[in-house]
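Engineer: Submitted below is the structure of interest, expressed as structure tokens.
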Protein chains: 2
Amino acid sequence: MSPTPTNTDVFTAIAEPKRREIVSLLAKRGPLPVGTMVDLTGLAQSSVSKHLGVLHDVGMVSVDRQGKQRIYKLEANSLKTVFEWVKEFESHWDHQLARIKAKAEQRAKSLRESN
Amino acid sequence: MSPTPTNTDVFTAIAEPKRREIVSLLAKRGPLPVGTMVDLTGLAQSSVSKHLGVLHDVGMVSVDRQGKQRIYKLEANSLKTVFEWVKEFESHWDHQLARIKAKAEQRAKSLRESN
DNA sequence: TGAACATATTCCGTTAACGGAATATGTCAA
DNA sequence: TTGACATATTCCGTTAACGGAATATGTTCA
């Protein structure tokens with residue numbers, strides 16, 4: 001299928017493991033030319049180019065032509081969308097933490113009282 | 001393609017808009033039977049079932065049989081993976097915020113001095 | 001102008017995902 | 001046990017994504 005989520009949103013973009021790898025790469029090492037990423041990922045040059053194309057379309061990277069090279073740079077803002085979405089659920093797992101914490105305190109209390 | 005990311009990880013699971021909708025639904029309204037989600041999403045029953053299947057395989061929801069119904073519940077922990085991944089890039093957009101902030105302060109300062 | 005280089009684009013084969021309709025499975029209630 | 005109900009599974013058609021090889025495009029330098 002795929003009539004719906006054509007590679008046009010950040011969520012789909014980061015679904016691809018290799019793409020996530022590329023993004024991490026750019027985050028860790030700063031702006032990078034395509035060739036370097038080809039080396040580091042072990043993918044074919046065409047594949048890397050295409051992945052970068054997707055990331056670019058979605059606004060996750062920007063390009064800077066420098067002579068023959070094209071330097072890709074991470075546009076981290078684009079990830080805020082995802083961050084914000086996931087963040088909404090933080091409370092749900094905090095609930096659990098809270099419950100665990102409460103339980104632990106309960107235990108500590110009854111332990112204290114049993115002395 | 002897809003030899004790589006068969007719907008087996010959370011990132012792929014949340015790439016699907018309808019699936020995200022379902023997840024949000026479960027977060028907002030708590031555990032829900034399939035039928036309700038069919039109504040709320042406007043998808044065919046089979047589709048919803050299948051999406052829930054994916055979410056379940058990935059550990060994002062758990063099921064509880066109650067009579068004829070199956071109550072699906074969000075397992076928010078599963079989203080931590082995503083949260084943590086995205087979080088790594090937080091500093092990168094904070095940088096920008098910092099820069100903007102600095103610039104704003106700069107401006108305020110020179111404004112003060114020009115008085 | 002023509003090599004050499006870096007990258008994008010095209011081409012092609014393969015595969016899995018999706019949607020919906022139809023059907024199977026399981027559960028309750030009479 | 002039969003029927004109604006809730007949900008899962010199967011079937012089928014359609015489509016887009018991926019990978020890599022080959023090729024096109026653009027840039028630099030002699």
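Identifiers for the structure tokens are assigned positionally: chains receive A, B, ... in sequence, residues are indexed from 1 per chain, and ligands are indexed from 1 in the order shown.
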If you run DSSP on the backbone here, which positions in chain A get strand (DSSP E)? Please write them as number ranges by chain.
Structural biologist: A: 32-33, 61-66, 69-74
Engineer: Find the spatial neighbours of range 18-22 of chain D, counting only C-alpha atoms (C1' of nucleotides), within a cut-off of 10 Å - ignore same-chain residues fewer than 2 positions away - and output them as a PyMOL selection string.
Structural biologist: (chain A and resi 16+43-47+50-51) or (chain B and resi 1-4) or (chain C and resi 10-15) or (chain D and resi 16+24)
Engineer: Using CA of Gly59 in chain B and CA of Pro17 in chain B as the two end points, give the distance in Å to one decimal.
Structural biologist: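 We find that CA of Gly59 in chain B and CA of Pro17 in chain B lie 17.7 Å from each other.
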Engineer: Please, which residues of chain B, numbered as in this document, come out helix (DSSP H, G or I) from DSSP, as a ChimeraX atom specification?
Structural biologist: /B:10-13,17-29,34-41,45-57,76-87,90-113
Engineer: Write down, as an MDAnalysis selection string, each residue of chain A that has any atom within 10 Å of an atom of chain B, counting only C-alpha atoms.
Structural biologist: chainID A and resid 2 4:5 7 9:18 20 23:24 27:28 74:96
Engineer: How about saving the chosen residues, C-alpha atoms kept, as a PDB file, in the first residue's frame?
Structural biologist:
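Final output, again.pdb:
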ATOM      1  CA  SER A   2       0.845   3.623   0.540  1.00  0.00           C
ATOM      2  CA  THR A   4      -1.793   7.692   2.277  1.00  0.00           C
ATOM      3  CA  PRO A   5       1.653   8.310   3.707  1.00  0.00           C
ATOM      4  CA  ASN A   7       7.216   9.836   2.044  1.00  0.00           C
ATOM      5  CA  ASP A   9       6.243  13.590   6.528  1.00  0.00           C
ATOM      6  CA  VAL A  10       8.891  13.297   9.170  1.00  0.00           C
ATOM      7  CA  PHE A  11       7.356  10.234  10.751  1.00  0.00           C
ATOM      8  CA  THR A  12       7.680   8.248   7.577  1.00  0.00           C
ATOM      9  CA  ALA A  13      11.134   9.627   6.972  1.00  0.00           C
ATOM     10  CA  ILE A  14      12.496   8.350  10.260  1.00  0.00           C
ATOM     11  CA  ALA A  15      10.829   4.986   9.879  1.00  0.00           C
ATOM     12  CA  GLU A  16      13.742   3.915   7.725  1.00  0.00           C
ATOM     13  CA  PRO A  17      16.669   2.638   9.815  1.00  0.00           C
ATOM     14  CA  LYS A  18      19.301   3.801   7.393  1.00  0.00           C
ATOM     15  CA  ARG A  20      17.878   7.357  11.097  1.00  0.00           C
ATOM     16  CA  VAL A  23      20.432  11.660  10.781  1.00  0.00           C
ATOM     17  CA  SER A  24      22.446  10.507  13.781  1.00  0.00           C
ATOM     18  CA  ALA A  27      24.047  15.157  14.461  1.00  0.00           C
ATOM     19  CA  LYS A  28      27.252  13.690  15.787  1.00  0.00           C
ATOM     20  CA  LEU A  74      20.769  18.455   9.863  1.00  0.00           C
ATOM     21  CA  GLU A  75      17.780  20.686  10.444  1.00  0.00           C
ATOM     22  CA  ALA A  76      16.921  19.554  13.898  1.00  0.00           C
ATOM     23  CA  ASN A  77      13.794  21.673  14.221  1.00  0.00           C
ATOM     24  CA  SER A  78      12.011  19.308  11.936  1.00  0.00           C
ATOM     25  CA  LEU A  79      12.214  16.718  14.661  1.00  0.00           C
ATOM     26  CA  LYS A  80      10.231  18.814  17.058  1.00  0.00           C
ATOM     27  CA  THR A  81       7.041  17.554  15.499  1.00  0.00           C
ATOM     28  CA  VAL A  82       7.938  14.046  16.499  1.00  0.00           C
ATOM     29  CA  PHE A  83       9.226  15.126  19.857  1.00  0.00           C
ATOM     30  CA  GLU A  84       6.031  16.912  20.645  1.00  0.00           C
ATOM     31  CA  TRP A  85       3.886  14.032  19.543  1.00  0.00           C
ATOM     32  CA  VAL A  86       5.717  11.488  21.638  1.00  0.00           C
ATOM     33  CA  LYS A  87       5.952  13.854  24.530  1.00  0.00           C
ATOM     34  CA  GLU A  88       2.198  13.791  24.905  1.00  0.00           C
ATOM     35  CA  PHE A  89       2.481  10.262  26.129  1.00  0.00           C
ATOM     36  CA  GLU A  90       5.159  10.972  28.638  1.00  0.00           C
ATOM     37  CA  SER A  91       2.598  11.349  31.359  1.00  0.00           C
ATOM     38  CA  HIS A  92       1.370   7.876  30.629  1.00  0.00           C
ATOM     39  CA  TRP A  93       4.638   6.292  31.422  1.00  0.00           C
ATOM     40  CA  ASP A  94       5.205   8.687  34.274  1.00  0.00           C
ATOM     41  CA  HIS A  95       1.997   7.360  35.715  1.00  0.00           C
ATOM     42  CA  GLN A  96       3.619   4.028  35.941  1.00  0.00           C
TER      43      GLN A  96
END
Engineer: Could you write out as a ChimeraX atom specification the residues of chain C within 6 Å of chain A, counting only C-alpha atoms (C1' of nucleotides)?
Structural biologist: /C:6,17-18
Engineer: Save out the residues we just selected, all heavy atoms, as an mmCIF file, in the first residue's frame.
Structural biologist:
data_model
loop_
_atom_site.group_PDB
_atom_site.id
_atom_site.type_symbol
_atom_site.label_atom_id
_atom_site.label_comp_id
_atom_site.auth_asym_id
_atom_site.auth_seq_id
_atom_site.Cartn_x
_atom_site.Cartn_y
_atom_site.Cartn_z
ATOM 1 P P DA C 6 35.545 12.678 -5.605
ATOM 2 O OP1 DA C 6 36.102 13.095 -4.310
ATOM 3 O OP2 DA C 6 35.384 11.247 -5.943
ATOM 4 O "O5'" DA C 6 34.137 13.383 -5.786
ATOM 5 C "C5'" DA C 6 34.008 14.756 -5.451
ATOM 6 C "C4'" DA C 6 32.531 15.095 -5.421
ATOM 7 O "O4'" DA C 6 32.010 14.988 -6.765
ATOM 8 C "C3'" DA C 6 31.689 14.146 -4.562
ATOM 9 O "O3'" DA C 6 30.831 14.934 -3.754
ATOM 10 C "C2'" DA C 6 30.934 13.284 -5.565
ATOM 11 C "C1'" DA C 6 30.850 14.198 -6.779
ATOM 12 N N9 DA C 6 30.820 13.515 -8.067
ATOM 13 C C8 DA C 6 31.572 12.436 -8.448
ATOM 14 N N7 DA C 6 31.330 12.038 -9.689
ATOM 15 C C5 DA C 6 30.354 12.916 -10.138
ATOM 16 C C6 DA C 6 29.676 13.022 -11.365
ATOM 17 N N6 DA C 6 29.881 12.214 -12.409
ATOM 18 N N1 DA C 6 28.761 14.014 -11.474
ATOM 19 C C2 DA C 6 28.556 14.835 -10.434
ATOM 20 N N3 DA C 6 29.138 14.828 -9.229
ATOM 21 C C4 DA C 6 30.035 13.830 -9.154
ATOM 22 P P DA C 17 5.150 -5.122 5.930
ATOM 23 O OP1 DA C 17 6.182 -4.873 6.958
ATOM 24 O OP2 DA C 17 4.320 -6.350 5.958
ATOM 25 O "O5'" DA C 17 4.191 -3.864 5.901
ATOM 26 C "C5'" DA C 17 4.688 -2.622 5.397
ATOM 27 C "C4'" DA C 17 3.551 -1.908 4.715
ATOM 28 O "O4'" DA C 17 3.337 -2.495 3.416
ATOM 29 C "C3'" DA C 17 2.228 -2.029 5.458
ATOM 30 O "O3'" DA C 17 1.849 -0.738 5.912
ATOM 31 C "C2'" DA C 17 1.240 -2.580 4.436
ATOM 32 C "C1'" DA C 17 1.965 -2.446 3.115
ATOM 33 N N9 DA C 17 1.702 -3.525 2.166
ATOM 34 C C8 DA C 17 1.954 -4.849 2.327
ATOM 35 N N7 DA C 17 1.611 -5.590 1.290
ATOM 36 C C5 DA C 17 1.106 -4.690 0.390
ATOM 37 C C6 DA C 17 0.580 -4.835 -0.912
ATOM 38 N N6 DA C 17 0.466 -6.003 -1.529
ATOM 39 N N1 DA C 17 0.161 -3.720 -1.545
ATOM 40 C C2 DA C 17 0.273 -2.537 -0.914
ATOM 41 N N3 DA C 17 0.755 -2.267 0.305
ATOM 42 C C4 DA C 17 1.159 -3.401 0.902
ATOM 43 P P DC C 18 0.753 -0.575 6.974
ATOM 44 O OP1 DC C 18 1.036 0.655 7.696
ATOM 45 O OP2 DC C 18 0.594 -1.853 7.681
ATOM 46 O "O5'" DC C 18 -0.547 -0.324 6.086
ATOM 47 C "C5'" DC C 18 -0.563 0.857 5.282
ATOM 48 C "C4'" DC C 18 -1.668 0.763 4.277
ATOM 49 O "O4'" DC C 18 -1.391 -0.285 3.346
ATOM 50 C "C3'" DC C 18 -3.013 0.420 4.890
ATOM 51 O "O3'" DC C 18 -3.848 1.566 4.836
ATOM 52 C "C2'" DC C 18 -3.567 -0.696 4.024
ATOM 53 C "C1'" DC C 18 -2.622 -0.750 2.845
ATOM 54 N N1 DC C 18 -2.420 -2.135 2.367
ATOM 55 C C2 DC C 18 -2.798 -2.457 1.065
ATOM 56 O O2 DC C 18 -3.253 -1.570 0.338
ATOM 57 N N3 DC C 18 -2.656 -3.729 0.628
ATOM 58 C C4 DC C 18 -2.154 -4.657 1.455
ATOM 59 N N4 DC C 18 -2.040 -5.900 0.982
ATOM 60 C C5 DC C 18 -1.746 -4.339 2.786
ATOM 61 C C6 DC C 18 -1.898 -3.071 3.200
#
Engineer: Which residues of chain D have any atom within 12 Å of an atom in chain B when counting only C-alpha atoms (C1' of nucleotides), and what is the closest pair of atoms for each, with the distance in Å to one decimal? Order the rows by chain and rising number and write it as JSON lines.
Structural biologist:
{"residue": "D:DA4", "atom": "C1'", "partner": "B:Lys68", "partner_atom": "CA", "distance": 11.3}
{"residue": "D:DC5", "atom": "C1'", "partner": "B:Lys68", "partner_atom": "CA", "distance": 7.6}
{"residue": "D:DA6", "atom": "C1'", "partner": "B:Lys68", "partner_atom": "CA", "distance": 5.4}
{"residue": "D:DT7", "atom": "C1'", "partner": "B:Gln69", "partner_atom": "CA", "distance": 7.4}
{"residue": "D:DA8", "atom": "C1'", "partner": "B:Ser49", "partner_atom": "CA", "distance": 7.0}
{"residue": "D:DT9", "atom": "C1'", "partner": "B:Ser46", "partner_atom": "CA", "distance": 8.8}
{"residue": "D:DT10", "atom": "C1'", "partner": "B:Ser46", "partner_atom": "CA", "distance": 10.7}
{"residue": "D:DT15", "atom": "C1'", "partner": "B:Met1", "partner_atom": "CA", "distance": 11.2}
{"residue": "D:DA16", "atom": "C1'", "partner": "B:Met1", "partner_atom": "CA", "distance": 7.9}
{"residue": "D:DA17", "atom": "C1'", "partner": "B:Met1", "partner_atom": "CA", "distance": 4.3}
{"residue": "D:DC18", "atom": "C1'", "partner": "B:Met1", "partner_atom": "CA", "distance": 3.9}
{"residue": "D:DG19", "atom": "C1'", "partner": "B:Met1", "partner_atom": "CA", "distance": 8.0}
Engineer: Might you pull out every residue within 12 Å of DA3 in chain C, with only C-alpha atoms (C1' of nucleotides) counted and same-chain residues fewer than 5 positions away left off, and present them as a PyMOL selection string?
Structural biologist: chain D and resi 28-30
Engineer: Please measure the separation of C1' of DT2 in chain D and C1' of DT25 in chain C, giving the value in Å to one decimal.
Structural biologist: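 Atom-to-atom, C1' of DT2 in chain D to C1' of DT25 in chain C, that is 15.9 Å.
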Engineer: In Å, with one decimal, what is the gap from CA of Tyr72 in chain A to CA of Leu55 in chain A?
Structural biologist: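 So the answer is 10.1 Å.
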